[in-house]
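Listing of work_13.pdb, PDB, C-alpha atoms
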```pdb
ATOM      1  CA  MET A 205     -30.562   0.106  33.390
ATOM      2  CA  ALA A 206     -27.813   1.983  31.533
ATOM      3  CA  ALA A 207     -27.882  -0.395  28.562
ATOM      4  CA  ALA A 208     -31.600   0.194  28.168
ATOM      5  CA  GLN A 209     -31.153   3.937  28.418
ATOM      6  CA  ALA A 210     -28.361   3.835  25.859
ATOM      7  CA  SER A 211     -30.550   1.791  23.538
ATOM      8  CA  LYS A 212     -33.125   4.585  23.484
ATOM      9  CA  ALA A 213     -30.544   7.204  22.463
ATOM     10  CA  LYS A 214     -31.564   6.836  18.833
ATOM     11  CA  THR A 215     -30.905   9.683  16.420
ATOM     12  CA  PRO A 216     -32.789  10.419  13.207
ATOM     13  CA  ALA A 217     -29.736  10.088  10.956
ATOM     14  CA  ALA A 218     -26.723   7.807  10.539
ATOM     15  CA  ASN A 219     -24.425   8.137  13.538
ATOM     16  CA  THR A 220     -20.870   7.140  12.559
ATOM     17  CA  VAL A 221     -18.446   7.014  15.477
ATOM     18  CA  SER A 222     -14.820   6.068  16.056
ATOM     19  CA  TRP A 223     -14.071   2.663  17.565
ATOM     20  CA  ARG A 224     -12.785   4.497  20.635
ATOM     21  CA  ASP A 225     -16.264   5.986  21.126
ATOM     22  CA  ALA A 226     -18.147   2.695  20.709
ATOM     23  CA  ALA A 227     -20.939   2.407  23.292
ATOM     24  CA  PRO A 228     -23.958   0.168  23.983
ATOM     25  CA  SER A 229     -27.183   0.769  22.074
ATOM     26  CA  ALA A 230     -30.162  -1.367  21.144
ATOM     27  CA  VAL A 231     -28.426  -1.888  17.790
ATOM     28  CA  VAL A 232     -24.756  -1.212  17.016
ATOM     29  CA  LEU A 233     -23.126  -1.880  13.649
ATOM     30  CA  VAL A 234     -19.367  -2.449  13.710
ATOM     31  CA  THR A 235     -18.246  -2.261  10.112
ATOM     32  CA  GLY A 236     -14.976  -2.197   8.177
ATOM     33  CA  PRO A 237     -12.158  -4.610   7.293
ATOM     34  CA  GLU A 238      -9.733  -3.797  10.136
ATOM     35  CA  GLU A 239     -10.209  -6.859  12.338
ATOM     36  CA  TYR A 240      -8.217  -5.566  15.293
ATOM     37  CA  LEU A 241     -10.244  -2.347  15.590
ATOM     38  CA  GLY A 242     -13.443  -4.361  15.243
ATOM     39  CA  ILE A 243     -12.366  -6.571  18.145
ATOM     40  CA  ARG A 244     -11.471  -3.526  20.260
ATOM     41  CA  ALA A 245     -14.834  -1.891  19.527
ATOM     42  CA  MET A 246     -16.809  -5.000  20.472
ATOM     43  CA  ASP A 247     -14.707  -5.513  23.622
ATOM     44  CA  LYS A 248     -15.353  -1.906  24.596
ATOM     45  CA  ILE A 249     -19.116  -2.279  24.219
ATOM     46  CA  ARG A 250     -19.116  -5.582  26.130
ATOM     47  CA  SER A 251     -17.132  -4.125  29.039
ATOM     48  CA  GLN A 252     -19.501  -1.165  29.310
ATOM     49  CA  VAL A 253     -22.538  -3.445  29.392
ATOM     50  CA  ARG A 254     -20.920  -5.637  32.054
ATOM     51  CA  ALA A 255     -19.983  -2.601  34.136
ATOM     52  CA  VAL A 256     -23.689  -1.840  34.495
ATOM     53  CA  SER A 257     -24.999  -5.421  34.418
ATOM     54  CA  PRO A 258     -22.324  -7.880  35.671
ATOM     55  CA  ASP A 259     -24.683 -10.837  35.150
ATOM     56  CA  VAL A 260     -25.471  -9.945  31.525
ATOM     57  CA  GLU A 261     -26.277 -12.932  29.339
ATOM     58  CA  VAL A 262     -23.969 -12.901  26.293
ATOM     59  CA  THR A 263     -25.039 -14.790  23.171
ATOM     60  CA  LYS A 264     -22.786 -15.157  20.121
ATOM     61  CA  LEU A 265     -24.230 -15.852  16.678
ATOM     62  CA  ASN A 266     -22.796 -16.212  13.188
ATOM     63  CA  ALA A 267     -24.781 -14.687  10.333
ATOM     64  CA  GLY A 268     -23.321 -17.128   7.795
ATOM     65  CA  SER A 269     -24.499 -20.304   9.575
ATOM     66  CA  TYR A 270     -27.626 -18.731  11.076
ATOM     67  CA  GLU A 271     -30.863 -20.710  11.466
ATOM     68  CA  SER A 272     -34.240 -19.017  11.120
ATOM     69  CA  GLY A 273     -35.785 -17.869  14.417
ATOM     70  CA  THR A 274     -32.535 -17.944  16.422
ATOM     71  CA  LEU A 275     -32.382 -14.165  16.886
ATOM     72  CA  SER A 276     -35.937 -14.024  18.188
ATOM     73  CA  MET A 277     -35.150 -16.724  20.745
ATOM     74  CA  ALA A 278     -31.908 -15.008  21.790
ATOM     75  CA  VAL A 279     -33.567 -11.665  22.545
ATOM     76  CA  SER A 280     -36.557 -13.134  24.376
ATOM     77  CA  PRO A 281     -36.755 -12.167  28.086
ATOM     78  CA  SER A 282     -34.971 -14.603  30.401
ATOM     79  CA  LEU A 283     -36.477 -16.220  33.462
ATOM     80  CA  PHE A 284     -34.579 -13.887  35.813
ATOM     81  CA  ASP A 285     -34.942 -10.788  33.634
ATOM     82  CA  GLU A 286     -31.174 -10.546  33.036
ATOM     83  CA  ALA A 287     -29.705  -7.993  30.645
ATOM     84  CA  LYS A 288     -28.830  -9.441  27.249
ATOM     85  CA  LEU A 289     -25.977  -8.800  24.851
ATOM     86  CA  ILE A 290     -26.170 -10.409  21.421
ATOM     87  CA  GLU A 291     -22.951 -10.385  19.376
ATOM     88  CA  ILE A 292     -23.363 -11.371  15.739
ATOM     89  CA  GLU A 293     -20.289 -11.978  13.568
ATOM     90  CA  GLY A 294     -19.927 -12.652   9.859
ATOM     91  CA  LEU A 295     -22.496 -10.277   8.403
ATOM     92  CA  GLU A 296     -20.381 -10.124   5.227
ATOM     93  CA  SER A 297     -21.391 -13.771   4.586
ATOM     94  CA  MET A 298     -24.941 -13.642   5.997
ATOM     95  CA  ASN A 299     -27.514 -16.086   4.679
ATOM     96  CA  ASP A 300     -31.052 -15.210   3.618
ATOM     97  CA  ALA A 301     -32.574 -16.454   6.882
ATOM     98  CA  PHE A 302     -30.478 -14.040   8.913
ATOM     99  CA  LEU A 303     -31.207 -11.121   6.593
ATOM    100  CA  ALA A 304     -34.949 -11.692   6.922
ATOM    101  CA  ASP A 305     -34.867 -12.037  10.722
ATOM    102  CA  ALA A 306     -32.495  -9.086  11.203
ATOM    103  CA  LEU A 307     -34.659  -6.761   9.094
ATOM    104  CA  ALA A 308     -37.727  -7.842  11.056
ATOM    105  CA  TYR A 309     -35.965  -7.268  14.376
ATOM    106  CA  LEU A 310     -34.691  -3.884  13.268
ATOM    107  CA  ALA A 311     -38.284  -2.733  12.794
ATOM    108  CA  GLN A 312     -38.995  -3.292  16.506
ATOM    109  CA  PRO A 313     -35.863  -3.878  18.627
ATOM    110  CA  GLU A 314     -36.029  -4.753  22.317
ATOM    111  CA  ASN A 315     -35.233  -1.888  24.692
ATOM    112  CA  ASP A 316     -33.336  -3.990  27.233
ATOM    113  CA  VAL A 317     -31.174  -5.871  24.731
ATOM    114  CA  VAL A 318     -27.935  -4.738  23.098
ATOM    115  CA  VAL A 319     -27.354  -6.254  19.661
ATOM    116  CA  VAL A 320     -23.891  -5.744  18.137
ATOM    117  CA  LEU A 321     -23.465  -6.695  14.495
ATOM    118  CA  ARG A 322     -20.027  -7.136  12.884
ATOM    119  CA  HIS A 323     -19.633  -6.650   9.117
ATOM    120  CA  ALA A 324     -16.056  -6.960   7.820
ATOM    121  CA  GLY A 325     -16.709  -5.436   4.396
ATOM    122  CA  GLY A 326     -18.089  -6.257   0.983
ATOM    123  CA  VAL A 327     -21.489  -5.806  -0.619
ATOM    124  CA  ARG A 328     -23.255  -8.775   0.963
ATOM    125  CA  GLY A 329     -26.022  -7.590   3.293
ATOM    126  CA  LYS A 330     -26.106  -4.038   1.950
ATOM    127  CA  LYS A 331     -29.870  -3.891   2.439
ATOM    128  CA  LEU A 332     -29.494  -4.525   6.171
ATOM    129  CA  LEU A 333     -26.566  -2.122   6.551
ATOM    130  CA  ASP A 334     -28.496   0.621   4.772
ATOM    131  CA  ALA A 335     -31.505   0.018   7.026
ATOM    132  CA  ILE A 336     -29.356   0.278  10.174
ATOM    133  CA  LYS A 337     -27.783   3.509   8.979
ATOM    134  CA  ALA A 338     -31.108   4.987   7.888
ATOM    135  CA  ALA A 339     -32.587   4.256  11.314
ATOM    136  CA  GLY A 340     -29.799   6.252  12.937
ATOM    137  CA  TRP A 341     -28.222   3.493  15.026
ATOM    138  CA  PRO A 342     -24.512   3.890  15.846
ATOM    139  CA  VAL A 343     -22.122   2.746  13.121
ATOM    140  CA  VAL A 344     -18.569   2.067  14.325
ATOM    141  CA  ASP A 345     -16.208   2.516  11.377
ATOM    142  CA  CYS A 346     -13.121   0.259  11.486
ATOM    143  CA  GLN A 347     -10.985   1.102   8.471
ATOM    144  CA  PRO A 348      -7.326   0.038   8.101
ATOM    145  CA  LEU A 349      -4.739   2.585   9.216
ATOM    146  CA  LYS A 350      -2.657   2.777   6.048
ATOM    147  CA  LYS A 351      -1.006   6.179   6.288
ATOM    148  CA  ASP A 352       1.976   6.836   8.502
ATOM    149  CA  ALA A 353       0.133   9.796  10.040
ATOM    150  CA  GLU A 354      -2.792   7.537  11.004
ATOM    151  CA  LYS A 355      -0.482   5.078  12.749
ATOM    152  CA  THR A 356       1.375   7.789  14.628
ATOM    153  CA  ALA A 357      -1.956   9.278  15.727
ATOM    154  CA  PHE A 358      -2.996   5.793  16.922
ATOM    155  CA  VAL A 359       0.167   5.475  19.027
ATOM    156  CA  VAL A 360      -0.283   8.945  20.529
ATOM    157  CA  ALA A 361      -3.903   8.125  21.420
ATOM    158  CA  GLU A 362      -2.922   4.797  23.010
ATOM    159  CA  PHE A 363      -0.361   6.512  25.229
ATOM    160  CA  LYS A 364      -2.804   9.270  26.122
ATOM    161  CA  ALA A 365      -5.394   6.687  27.120
ATOM    162  CA  GLY A 366      -2.720   4.978  29.217
ATOM    163  CA  SER A 367      -1.772   8.278  30.933
ATOM    164  CA  ARG A 368       1.780   8.025  29.674
ATOM    165  CA  ARG A 369       3.822  10.443  27.533
ATOM    166  CA  ILE A 370       5.840   9.471  24.469
ATOM    167  CA  ASP A 371       8.274  11.649  22.517
ATOM    168  CA  ALA A 372       7.563  12.406  18.862
ATOM    169  CA  GLU A 373      10.786  10.676  17.799
ATOM    170  CA  ALA A 374       9.838   7.609  19.818
ATOM    171  CA  VAL A 375       6.419   7.503  18.148
ATOM    172  CA  GLN A 376       8.008   7.331  14.702
ATOM    173  CA  ALA A 377      10.565   4.752  15.857
ATOM    174  CA  LEU A 378       7.783   2.546  17.217
ATOM    175  CA  VAL A 379       5.729   2.823  14.028
ATOM    176  CA  ASN A 380       8.809   1.984  11.959
ATOM    177  CA  ALA A 381       9.542  -1.056  14.104
ATOM    178  CA  VAL A 382       6.123  -2.704  14.410
ATOM    179  CA  GLY A 383       3.746  -0.613  12.326
ATOM    180  CA  THR A 384       2.989  -3.238   9.671
ATOM    181  CA  SER A 385       0.503  -4.951  11.999
ATOM    182  CA  LEU A 386      -1.937  -2.835  13.996
ATOM    183  CA  SER A 387      -2.380  -5.541  16.633
ATOM    184  CA  GLU A 388       1.398  -5.748  17.118
ATOM    185  CA  LEU A 389       1.630  -1.963  17.283
ATOM    186  CA  ALA A 390      -1.070  -1.869  19.957
ATOM    187  CA  ALA A 391       0.652  -4.653  21.893
ATOM    188  CA  ALA A 392       3.944  -2.725  21.754
ATOM    189  CA  CYS A 393       2.194   0.405  23.067
ATOM    190  CA  SER A 394       0.643  -1.596  25.894
ATOM    191  CA  GLN A 395       4.010  -3.108  26.822
ATOM    192  CA  LEU A 396       5.786   0.253  26.915
ATOM    193  CA  ILE A 397       2.961   1.904  28.862
ATOM    194  CA  SER A 398       3.023  -0.907  31.404
ATOM    195  CA  ASP A 399       6.809  -0.982  31.831
ATOM    196  CA  SER A 400       7.636   2.728  31.755
ATOM    197  CA  THR A 401       7.423   5.091  34.701
ATOM    198  CA  THR A 402       8.502   8.196  32.777
ATOM    199  CA  ALA A 403       8.017   9.532  29.252
ATOM    200  CA  VAL A 404       8.994   6.997  26.590
ATOM    201  CA  ASP A 405      11.798   8.177  24.327
ATOM    202  CA  ALA A 406      13.460   6.802  21.203
ATOM    203  CA  ALA A 407      16.180   5.116  23.263
ATOM    204  CA  THR A 408      13.539   3.138  25.147
ATOM    205  CA  VAL A 409      11.907   2.017  21.891
ATOM    206  CA  GLU A 410      15.341   1.027  20.574
ATOM    207  CA  ARG A 411      15.994  -1.137  23.660
ATOM    208  CA  TYR A 412      12.710  -2.971  23.258
ATOM    209  CA  TYR A 413      12.432  -3.203  19.480
ATOM    210  CA  GLY A 414      15.855  -2.240  18.149
ATOM    211  CA  GLY A 415      16.398  -5.588  16.447
ATOM    212  CA  ARG A 416      13.191  -5.145  14.506
ATOM    213  CA  VAL A 417      13.943  -1.516  13.697
ATOM    214  CA  GLU A 418      17.245  -2.585  12.103
ATOM    215  CA  ALA A 419      15.379  -4.933   9.773
ATOM    216  CA  THR A 420      12.539  -2.629   8.875
ATOM    217  CA  ALA A 421      11.951  -1.080   5.484
ATOM    218  CA  PHE A 422      11.816   2.416   6.926
ATOM    219  CA  LYS A 423      15.218   2.032   8.574
ATOM    220  CA  VAL A 424      16.653   1.451   5.101
ATOM    221  CA  ALA A 425      14.694   4.375   3.684
ATOM    222  CA  ASP A 426      15.743   6.728   6.497
ATOM    223  CA  ALA A 427      19.442   5.971   5.952
ATOM    224  CA  ALA A 428      19.157   6.398   2.175
ATOM    225  CA  MET A 429      17.245   9.670   2.505
ATOM    226  CA  ALA A 430      19.921  10.945   4.898
ATOM    227  CA  GLY A 431      22.612  10.266   2.286
ATOM    228  CA  ASN A 432      24.219   7.512   4.353
ATOM    229  CA  GLY A 433      24.865   4.951   1.611
ATOM    230  CA  PRO A 434      26.901   2.439   3.660
ATOM    231  CA  LEU A 435      24.299   2.302   6.461
ATOM    232  CA  ALA A 436      21.434   2.117   3.958
ATOM    233  CA  LEU A 437      23.000  -0.805   2.079
ATOM    234  CA  SER A 438      23.992  -2.707   5.240
ATOM    235  CA  SER A 439      20.484  -2.222   6.666
ATOM    236  CA  LEU A 440      19.021  -3.333   3.348
ATOM    237  CA  ARG A 441      21.070  -6.528   3.265
ATOM    238  CA  HIS A 442      20.204  -7.269   6.877
ATOM    239  CA  ALA A 443      16.515  -6.717   6.117
ATOM    240  CA  LEU A 444      16.636  -9.061   3.122
ATOM    241  CA  ALA A 445      18.535 -11.657   5.148
ATOM    242  CA  THR A 446      15.843 -11.621   7.826
ATOM    243  CA  GLY A 447      13.070 -12.191   5.305
ATOM    244  CA  VAL A 448      11.827  -8.709   4.410
ATOM    245  CA  ASP A 449      10.328  -8.749   0.916
ATOM    246  CA  PRO A 450      11.754  -6.260  -1.657
ATOM    247  CA  VAL A 451       8.275  -4.868  -2.398
ATOM    248  CA  PRO A 452       7.715  -3.124   0.986
ATOM    249  CA  LEU A 453      11.325  -1.943   0.914
ATOM    250  CA  VAL A 454      10.656  -0.066  -2.314
ATOM    251  CA  ALA A 455       7.291   1.101  -0.978
ATOM    252  CA  ALA A 456       9.049   2.672   2.025
ATOM    253  CA  LEU A 457      11.484   4.500  -0.253
ATOM    254  CA  ALA A 458       8.586   5.752  -2.378
ATOM    255  CA  ALA A 459       6.627   6.935   0.684
ATOM    256  CA  LYS A 460       9.586   8.936   1.995
ATOM    257  CA  LEU A 461      10.215  10.527  -1.407
ATOM    258  CA  ARG A 462       6.538  11.432  -1.865
ATOM    259  CA  THR A 463       6.516  13.165   1.514
ATOM    260  CA  LEU A 464       9.675  15.070   0.624
ATOM    261  CA  ALA A 465       8.287  16.120  -2.774
ATOM    262  CA  LYS A 466       4.986  17.303  -1.246
ATOM    263  CA  VAL A 467       6.682  19.354   1.442
ATOM    264  CA  ALA A 468       9.262  20.755  -0.981
ATOM    265  CA  GLY A 469       6.506  22.183  -3.153
ATOM    266  CA  ALA A 470       4.337  23.515  -0.314
ATOM    267  CA  GLN A 471       4.194  27.082   0.954
ATOM    268  CA  GLY A 472       3.543  28.276   4.498
ATOM    269  CA  SER A 473       4.508  27.371   8.038
ATOM    270  CA  SER A 474       4.956  23.764   9.109
ATOM    271  CA  ALA A 475       1.566  23.874  10.853
ATOM    272  CA  GLN A 476      -0.156  25.247   7.739
ATOM    273  CA  ILE A 477       1.526  22.686   5.488
ATOM    274  CA  ALA A 478       0.599  19.908   7.905
ATOM    275  CA  ARG A 479      -3.065  20.900   7.691
ATOM    276  CA  GLN A 480      -2.927  21.139   3.905
ATOM    277  CA  LEU A 481      -1.291  17.725   3.470
ATOM    278  CA  GLY A 482      -2.968  15.918   6.368
ATOM    279  CA  MET A 483       0.358  15.182   8.070
ATOM    280  CA  GLN A 484       1.704  15.488  11.581
ATOM    281  CA  PRO A 485       3.472  18.900  12.026
ATOM    282  CA  TRP A 486       6.664  17.277  13.288
ATOM    283  CA  LEU A 487       6.822  15.095  10.156
ATOM    284  CA  VAL A 488       6.581  18.241   8.041
ATOM    285  CA  GLU A 489       9.370  19.854  10.040
ATOM    286  CA  GLN A 490      11.512  16.752   9.579
ATOM    287  CA  ALA A 491      10.896  16.788   5.812
ATOM    288  CA  GLN A 492      11.724  20.502   5.672
ATOM    289  CA  ARG A 493      15.078  19.769   7.314
ATOM    290  CA  ASP A 494      15.742  16.822   4.990
ATOM    291  CA  VAL A 495      14.894  18.672   1.781
ATOM    292  CA  ARG A 496      17.775  21.120   2.331
ATOM    293  CA  ARG A 497      20.300  18.490   1.281
ATOM    294  CA  TRP A 498      18.447  17.772  -1.964
ATOM    295  CA  THR A 499      18.532  19.429  -5.367
ATOM    296  CA  PRO A 500      15.385  19.347  -7.538
ATOM    297  CA  GLU A 501      17.286  17.231 -10.053
ATOM    298  CA  GLY A 502      18.343  14.756  -7.365
ATOM    299  CA  LEU A 503      14.794  14.417  -6.078
ATOM    300  CA  ILE A 504      13.419  13.826  -9.579
ATOM    301  CA  ARG A 505      16.136  11.260 -10.325
ATOM    302  CA  SER A 506      15.382   9.417  -7.070
ATOM    303  CA  ILE A 507      11.643   9.330  -7.752
ATOM    304  CA  GLN A 508      12.283   7.951 -11.232
ATOM    305  CA  VAL A 509      14.659   5.206 -10.088
ATOM    306  CA  THR A 510      12.251   4.211  -7.307
ATOM    307  CA  ALA A 511       9.382   3.942  -9.802
ATOM    308  CA  GLU A 512      11.575   1.720 -11.971
ATOM    309  CA  ALA A 513      12.534  -0.421  -8.970
ATOM    310  CA  ASP A 514       8.867  -0.748  -8.015
ATOM    311  CA  ALA A 515       8.076  -2.241 -11.426
ATOM    312  CA  GLN A 516      11.134  -4.498 -11.304
ATOM    313  CA  VAL A 517      10.414  -6.004  -7.868
ATOM    314  CA  LYS A 518       6.840  -6.689  -8.981
ATOM    315  CA  GLY A 519       7.878  -8.949 -11.832
ATOM    316  CA  LEU A 520       9.722  -7.002 -14.531
ATOM    317  CA  SER A 521      13.169  -8.049 -13.306
ATOM    318  CA  ARG A 522      14.746 -11.423 -12.586
ATOM    319  CA  ASP A 523      16.907  -9.788  -9.912
ATOM    320  CA  PRO A 524      14.663  -7.697  -7.607
ATOM    321  CA  VAL A 525      17.415  -7.474  -4.994
ATOM    322  CA  TYR A 526      19.707  -5.650  -7.399
ATOM    323  CA  ALA A 527      16.825  -3.310  -8.316
ATOM    324  CA  VAL A 528      16.396  -2.291  -4.675
ATOM    325  CA  GLU A 529      20.141  -1.928  -4.097
ATOM    326  CA  HIS A 530      20.441   0.282  -7.181
ATOM    327  CA  ALA A 531      17.561   2.504  -6.024
ATOM    328  CA  VAL A 532      19.036   2.823  -2.530
ATOM    329  CA  THR A 533      22.437   3.761  -3.953
ATOM    330  CA  VAL A 534      21.003   6.415  -6.279
ATOM    331  CA  ILE A 535      18.868   7.914  -3.514
ATOM    332  CA  ALA A 536      21.731   8.024  -1.013
ATOM    333  CA  THR A 537      23.966   9.679  -3.617
ATOM    334  CA  SER A 538      21.283  12.155  -4.678
ATOM    335  CA  ALA A 539      20.582  13.083  -1.044
ATOM    336  CA  ARG A 540      24.134  14.426  -0.808
ATOM    337  CA  GLY A 541      23.363  16.809  -3.675
ATOM    338  CA  ARG A 542      25.390  15.028  -6.340
TER     339      ARG A 542
END
```
Write the structure described by the file as structure tokens, please.
Amino acid sequence: MAAAQASKAKTPAANTVSWRDAAPSAVVLVTGPEEYLGIRAMDKIRSQVRAVSPDVEVTKLNAGSYESGTLSMAVSPSLFDEAKLIEIEGLESMNDAFLADALAYLAQPENDVVVVLRHAGGVRGKKLLDAIKAAGWPVVDCQPLKKDAEKTAFVVAEFKAGSRRIDAEAVQALVNAVGTSLSELAAACSQLISDSTTAVDAATVERYYGGRVEATAFKVADAAMAGNGPLALSSLRHALATGVDPVPLVAALAAKLRTLAKVAGAQGSSAQIARQLGMQPWLVEQAQRDVRRWTPEGLIRSIQVTAEADAQVKGLSRDPVYAVEHAVTVIATSARGR
């Protein structure tokens, strides 16, 4: 069967793969703290096993509450010789009984069984993780997507997988609207892919998620960076009124300014700068357009006031709202070259 064949595709060294490339093997380690990507990876493996063996027997175990001998019983051949998929969660809190049984199983895994192990991070179980990697079994890395470029790349890949096009401006608008949660971002992509019959543009994203875009930290930052003080302040007050914390608001301002400062000091074409900085080319081009309205003094002043606001909203000020408003005002003024 395909699962058995996949299980024999063992390589002599650690084989780290993206969650999108997760596939059945006798042993698969899904590691990393991003829960949503871990779920997607395990779902992907399960669906591939079921595509080959619809009657596969799925057993779910928890490494934290594991009882000695359970793994051996789970992988034992069934009466009707059905394929088996063993999904084991909670390796980050594994007990000693599981560690002992897992190490023993790893020394001689069953060919016709797929065992998927989920470790959400931390040092617990390092001995087992090292043994899996040393044996060359697939390791699916599920790290959080923290950078804006990583989230935009995620959106582009989701639309490509769904055979639907999305404009660059729409990608950024979608990330700005729902990018704080990867699961929500994926759900938004799925909704737009399902509902759209043509390429998705910024106007479409605005119709679906415009209310959230208005209250997002990056909407405030975009208006301030464009020198539109009135819009920046009204968006800021709306964001605060709808429950947005001052800390991410300042973080968005800082992220925009860092991008501008990096691009302002870089040499070469937009494509070359994008490669150097690890950014999307269109983001570089946008920053190159934005930097024209800035003076070096204005950029420095904005970075300084944002750093001060960051400290104030994290406890140094009794009025964090004023700190953010002051930073937004200074940035909007500086963006006009004053």
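Going from atom CA of A:Ser269 to atom CA of A:Met298 covers 7.6 Å.
Near A:Glu286, within 8 Å and counting only C-alpha atoms, sit A:Asp259, A:Val260, A:Glu261, A:Pro281, A:Ser282, A:Leu283, A:Phe284, A:Lys288; same-chain residues fewer than 2 positions away were not included.
The space separating atom CA of A:Ala227 from atom CA of A:Gln395 comes to 25.8 Å.
Around A:His530, within 12 Å and counting only C-alpha atoms, the residues found are Ala428, Gly433, Ala436, Leu437, Leu440, Val454, Ser506, Gln508, Val509, Thr510, Ala511, Glu512, Ala513, Asp514, Gln516, Val517, Asp523, Pro524, Val525, Tyr526, Ala527, Thr533, Val534, Ile535, Ala536 and Thr537 of chain A, once anything fewer than 3 positions away on its own chain is removed.
A straight line drawn from atom CA of A:Met277 to atom CA of A:Ile290 is 11.0 Å long.
Residues with any atom within 12 Å of A:Ala390, counting all atoms listed in the file and excluding same-chain neighbours fewer than 6 positions away, are Tyr240, Leu241, Arg244, Lys355, Thr356, Ala357, Phe358, Val359, Val360, Ala361, Glu362, Phe363, Ala365, Gly366, Leu378, Val379, Val382, Gly383, Thr384, Leu396 and Ile397 of chain A.
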Result set, the PyMOL selection byres ((chain A and resi 475) around 10) on current file, as a PyMOL selection string
chain A and resi 472-474+476-480+483-486+488-489
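When only C-alpha atoms are used to compute distances to A:Tyr412, the closest of the residues A:Arg250, A:Leu435, A:Ser280, A:Ala381 turns out to be A:Ala381.
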Calculated over only C-alpha atoms, which of the candidates A:Leu503, A:Ala459, A:Leu289, A:Ala245 has the smallest distance to A:Pro258?
A:Leu289
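Those DNA, RNA and protein residues that approach the point (-31.6, -4.1, 25.0) to within 8 Å, considering only C-alpha atoms, are Ala207, Ala208, Ser211, Ser229, Ala230, Ala287, Lys288, Leu289, Pro313, Glu314, Asn315, Asp316, Val317, Val318 and Val319 of chain A.
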What residues come out when you apply the PyMOL selection byres ((chain A and resi 232) around 9) to this file, written as a PyMOL selection string?
chain A and resi 226-231+233-234+318-322+336+341-344
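Ranking A:Ser257, A:Ala443, A:Arg224, A:His323 by their shortest atom-to-atom distance to A:Asp285, with only C-alpha atoms included, puts A:Ser257 first.
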Among A:Val467, A:Cys393, A:Ala515, A:Leu457, A:Gly482 is approached most closely, using only C-alpha atoms, by A:Val467
Give me stretch 423-434 of chain A with N, CA, C and O atoms filled in, as a PDB file, in the coordinates of the input.
```pdb
ATOM      1  N   LYS A 423      13.844   1.802   8.128  1.00  0.00           N
ATOM      2  CA  LYS A 423      15.218   2.032   8.574  1.00  0.00           C
ATOM      3  C   LYS A 423      16.125   2.195   7.359  1.00  0.00           C
ATOM      4  O   LYS A 423      17.008   3.060   7.329  1.00  0.00           O
ATOM      5  N   VAL A 424      15.896   1.355   6.351  1.00  0.00           N
ATOM      6  CA  VAL A 424      16.653   1.451   5.101  1.00  0.00           C
ATOM      7  C   VAL A 424      16.368   2.795   4.430  1.00  0.00           C
ATOM      8  O   VAL A 424      17.285   3.505   4.003  1.00  0.00           O
ATOM      9  N   ALA A 425      15.082   3.136   4.355  1.00  0.00           N
ATOM     10  CA  ALA A 425      14.694   4.375   3.684  1.00  0.00           C
ATOM     11  C   ALA A 425      15.258   5.599   4.405  1.00  0.00           C
ATOM     12  O   ALA A 425      15.741   6.543   3.760  1.00  0.00           O
ATOM     13  N   ASP A 426      15.219   5.595   5.730  1.00  0.00           N
ATOM     14  CA  ASP A 426      15.743   6.728   6.497  1.00  0.00           C
ATOM     15  C   ASP A 426      17.231   6.949   6.226  1.00  0.00           C
ATOM     16  O   ASP A 426      17.682   8.090   6.043  1.00  0.00           O
ATOM     17  N   ALA A 427      18.005   5.854   6.188  1.00  0.00           N
ATOM     18  CA  ALA A 427      19.442   5.971   5.952  1.00  0.00           C
ATOM     19  C   ALA A 427      19.715   6.475   4.537  1.00  0.00           C
ATOM     20  O   ALA A 427      20.581   7.327   4.321  1.00  0.00           O
ATOM     21  N   ALA A 428      18.966   5.959   3.563  1.00  0.00           N
ATOM     22  CA  ALA A 428      19.157   6.398   2.175  1.00  0.00           C
ATOM     23  C   ALA A 428      18.794   7.868   2.023  1.00  0.00           C
ATOM     24  O   ALA A 428      19.529   8.633   1.382  1.00  0.00           O
ATOM     25  N   MET A 429      17.690   8.285   2.618  1.00  0.00           N
ATOM     26  CA  MET A 429      17.245   9.670   2.505  1.00  0.00           C
ATOM     27  C   MET A 429      18.206  10.626   3.200  1.00  0.00           C
ATOM     28  O   MET A 429      18.285  11.799   2.857  1.00  0.00           O
ATOM     29  N   ALA A 430      18.951  10.115   4.190  1.00  0.00           N
ATOM     30  CA  ALA A 430      19.921  10.945   4.898  1.00  0.00           C
ATOM     31  C   ALA A 430      21.258  11.004   4.170  1.00  0.00           C
ATOM     32  O   ALA A 430      22.174  11.692   4.614  1.00  0.00           O
ATOM     33  N   GLY A 431      21.374  10.266   3.052  1.00  0.00           N
ATOM     34  CA  GLY A 431      22.612  10.266   2.286  1.00  0.00           C
ATOM     35  C   GLY A 431      23.673   9.335   2.834  1.00  0.00           C
ATOM     36  O   GLY A 431      24.834   9.397   2.429  1.00  0.00           O
ATOM     37  N   ASN A 432      23.273   8.452   3.750  1.00  0.00           N
ATOM     38  CA  ASN A 432      24.219   7.512   4.353  1.00  0.00           C
ATOM     39  C   ASN A 432      24.163   6.190   3.590  1.00  0.00           C
ATOM     40  O   ASN A 432      23.492   5.237   4.001  1.00  0.00           O
ATOM     41  N   GLY A 433      24.892   6.130   2.461  1.00  0.00           N
ATOM     42  CA  GLY A 433      24.865   4.951   1.611  1.00  0.00           C
ATOM     43  C   GLY A 433      25.304   3.675   2.300  1.00  0.00           C
ATOM     44  O   GLY A 433      24.611   2.645   2.202  1.00  0.00           O
ATOM     45  N   PRO A 434      26.445   3.673   3.000  1.00  0.00           N
ATOM     46  CA  PRO A 434      26.901   2.439   3.660  1.00  0.00           C
ATOM     47  C   PRO A 434      25.880   1.879   4.654  1.00  0.00           C
ATOM     48  O   PRO A 434      25.618   0.676   4.674  1.00  0.00           O
TER      49      PRO A 434
END
```
